[in-house]
Amino acid sequence: MNMTVDSLLPILFWLPVISLVLNFILAAFLIVIIQKGKLKPKEQQEIEDQMIQIIKQAEMRSTEIIEKATKKAKDIVSDASATKQLVESKLNKLVEDTTDTAQNQLDIQKGAIVEKFKETYGQLVEQYQGETQSLFANMQHEAREQQSAFRDSLHKETVTILQQMKDDAEKQIEDVSKEINEYRNRMFEKIDEHAESVIKQYISDYFSTGMSKENQENILFKALDKFKRNHSRSS
Amino acid sequence: MSDSKSYAGLFDLIYTSEQCNACINALQHAIDASYDKKKDIMSVLDRYLPYNITNAILDLAEENNIQLRDSDTTTPFLTEIMNTLKKAPTVDITLAFHPTYEQLKGILKWWRTEIEPHIILNLQIDPTLVAGAVIGYNGEITNLSLQEGLNTFLKKSN
């Protein structure tokens, strides 16, 4: 059974104390018995001698026990120290071995991880390069499509705007032509009216000054004859 | 005497509606005077009418044996003449010139020969007609003026 120094120290401390307490209790017990038993001085002397002897023996015994215990404790302690050193050396070795093993495993795992990382990194780089190239290709394709769509849209928009401008221009030309025609017609009407008034005025002036009453009478009777013809037809 | 031909002598002297209205006005005064025995009907007619028209009325009375001093016969006689004049047909004629008296007679003669025997002229003057006439007869207006002909010509030429 392996015992450590730390576990033996309480025992080494309490063992003499317990022995002294037991001797003290025994002496007290004898004193009480003597007091209660009213022993005879001789007997009491004998008993006291015996008691002293016993106490001495007890002391000796206690001393022996203590010495033995101390010796045993020292042995135990020395054993424990040796054991401790052995354990410590074993533990150190174990720790060193474990550490080495762990270090080795760590190195192996680290190497594996590094390799795995390199592999994964390479794959990622390849994947990234592939995706990048694909992305660039898609972007170029989309850019070309957008450029084409934009060009088509711009072309359609331009054609639409030009067509609308053309329609607007034609409509404006048509409106302007219409306005010009209307203005021309109005002007012609005014000219006609003016010409009519001039002609009427001229004719009126001519007939009022140049036409004799005989001519007026001739025209009047021609008008009356016309009236008669119309009147006879209607009646 | 209801035949209008009986009034031919009277109508020969009345050309225009102004003359006709003046005659109607004079006849009305004469009718009013016929009820008053103190008044002389001839004097009343002379006061309002030219002598030739008054003479024509006297001639007409003699033809019909009417004594103008007898109010019983004179009043109906004058009333009948007046109603005849009121019912006389008229023509509204607008001329471009002021006709002479002879021209007026010629115009009236034409109307009474060609259209209606006892027609009366309602004459108006509008120089803007230039020549010809605008005639209103039987509720219809006929524009036979040179102005209208000129307008038609100018419209057609446009």
# chains A, B, ... in the order shown; residues from 1 in each chain; ligands from 1
$ interface_residues --of "chain B" --to "chain A" --cutoff "7 Å" --atoms "only C-alpha atoms" --output "number ranges by chain"
B: 130-133, 144
$ write_last_selection --atoms "C-alpha atoms" --output "PDB file, in the first residue's frame"
ATOM      1  CA  VAL B 130     -76.756 101.578-109.714  1.00  0.00           C
ATOM      2  CA  ALA B 131     -79.489 100.743-112.257  1.00  0.00           C
ATOM      3  CA  GLY B 132     -82.557  98.523-112.608  1.00  0.00           C
ATOM      4  CA  ALA B 133     -85.052  98.018-109.767  1.00  0.00           C
ATOM      5  CA  LEU B 144     -83.354  93.142-110.723  1.00  0.00           C
TER       6      LEU B 144
END
$ residues_around --residues "stretch 93-95 of chain B" --least-positions-apart "6" --cutoff "8 Å" --atoms "only C-alpha atoms" --output "list in words"
Leu121, Asn122, Leu123, Gln124, Ile125, Asp126, Pro127, Leu129, Ala131, Gly132, Ala133, Val134, Ile135 and Gly136 of chain B
$ write_last_selection --atoms "C-alpha atoms" --output "PDB file, in the first residue's frame"
ATOM      1  CA  LEU B 121     -96.756 102.449-107.319  1.00  0.00           C
ATOM      2  CA  ASN B 122     -95.073 102.612-103.924  1.00  0.00           C
ATOM      3  CA  LEU B 123     -91.890 104.260-105.146  1.00  0.00           C
ATOM      4  CA  GLN B 124     -88.535 104.489-103.334  1.00  0.00           C
ATOM      5  CA  ILE B 125     -85.085 105.635-104.470  1.00  0.00           C
ATOM      6  CA  ASP B 126     -81.759 103.858-103.674  1.00  0.00           C
ATOM      7  CA  PRO B 127     -78.780 105.046-105.758  1.00  0.00           C
ATOM      8  CA  LEU B 129     -78.693  99.866-106.875  1.00  0.00           C
ATOM      9  CA  ALA B 131     -79.489 100.743-112.257  1.00  0.00           C
ATOM     10  CA  GLY B 132     -82.557  98.523-112.608  1.00  0.00           C
ATOM     11  CA  ALA B 133     -85.052  98.018-109.767  1.00  0.00           C
ATOM     12  CA  VAL B 134     -86.020  95.965-106.744  1.00  0.00           C
ATOM     13  CA  ILE B 135     -89.660  94.909-106.991  1.00  0.00           C
ATOM     14  CA  GLY B 136     -91.908  93.796-104.169  1.00  0.00           C
TER      15      GLY B 136
END
$ atom_distance --atom1 "atom CA of A:Val17" --atom2 "atom CA of A:Val32"
22.4 Å
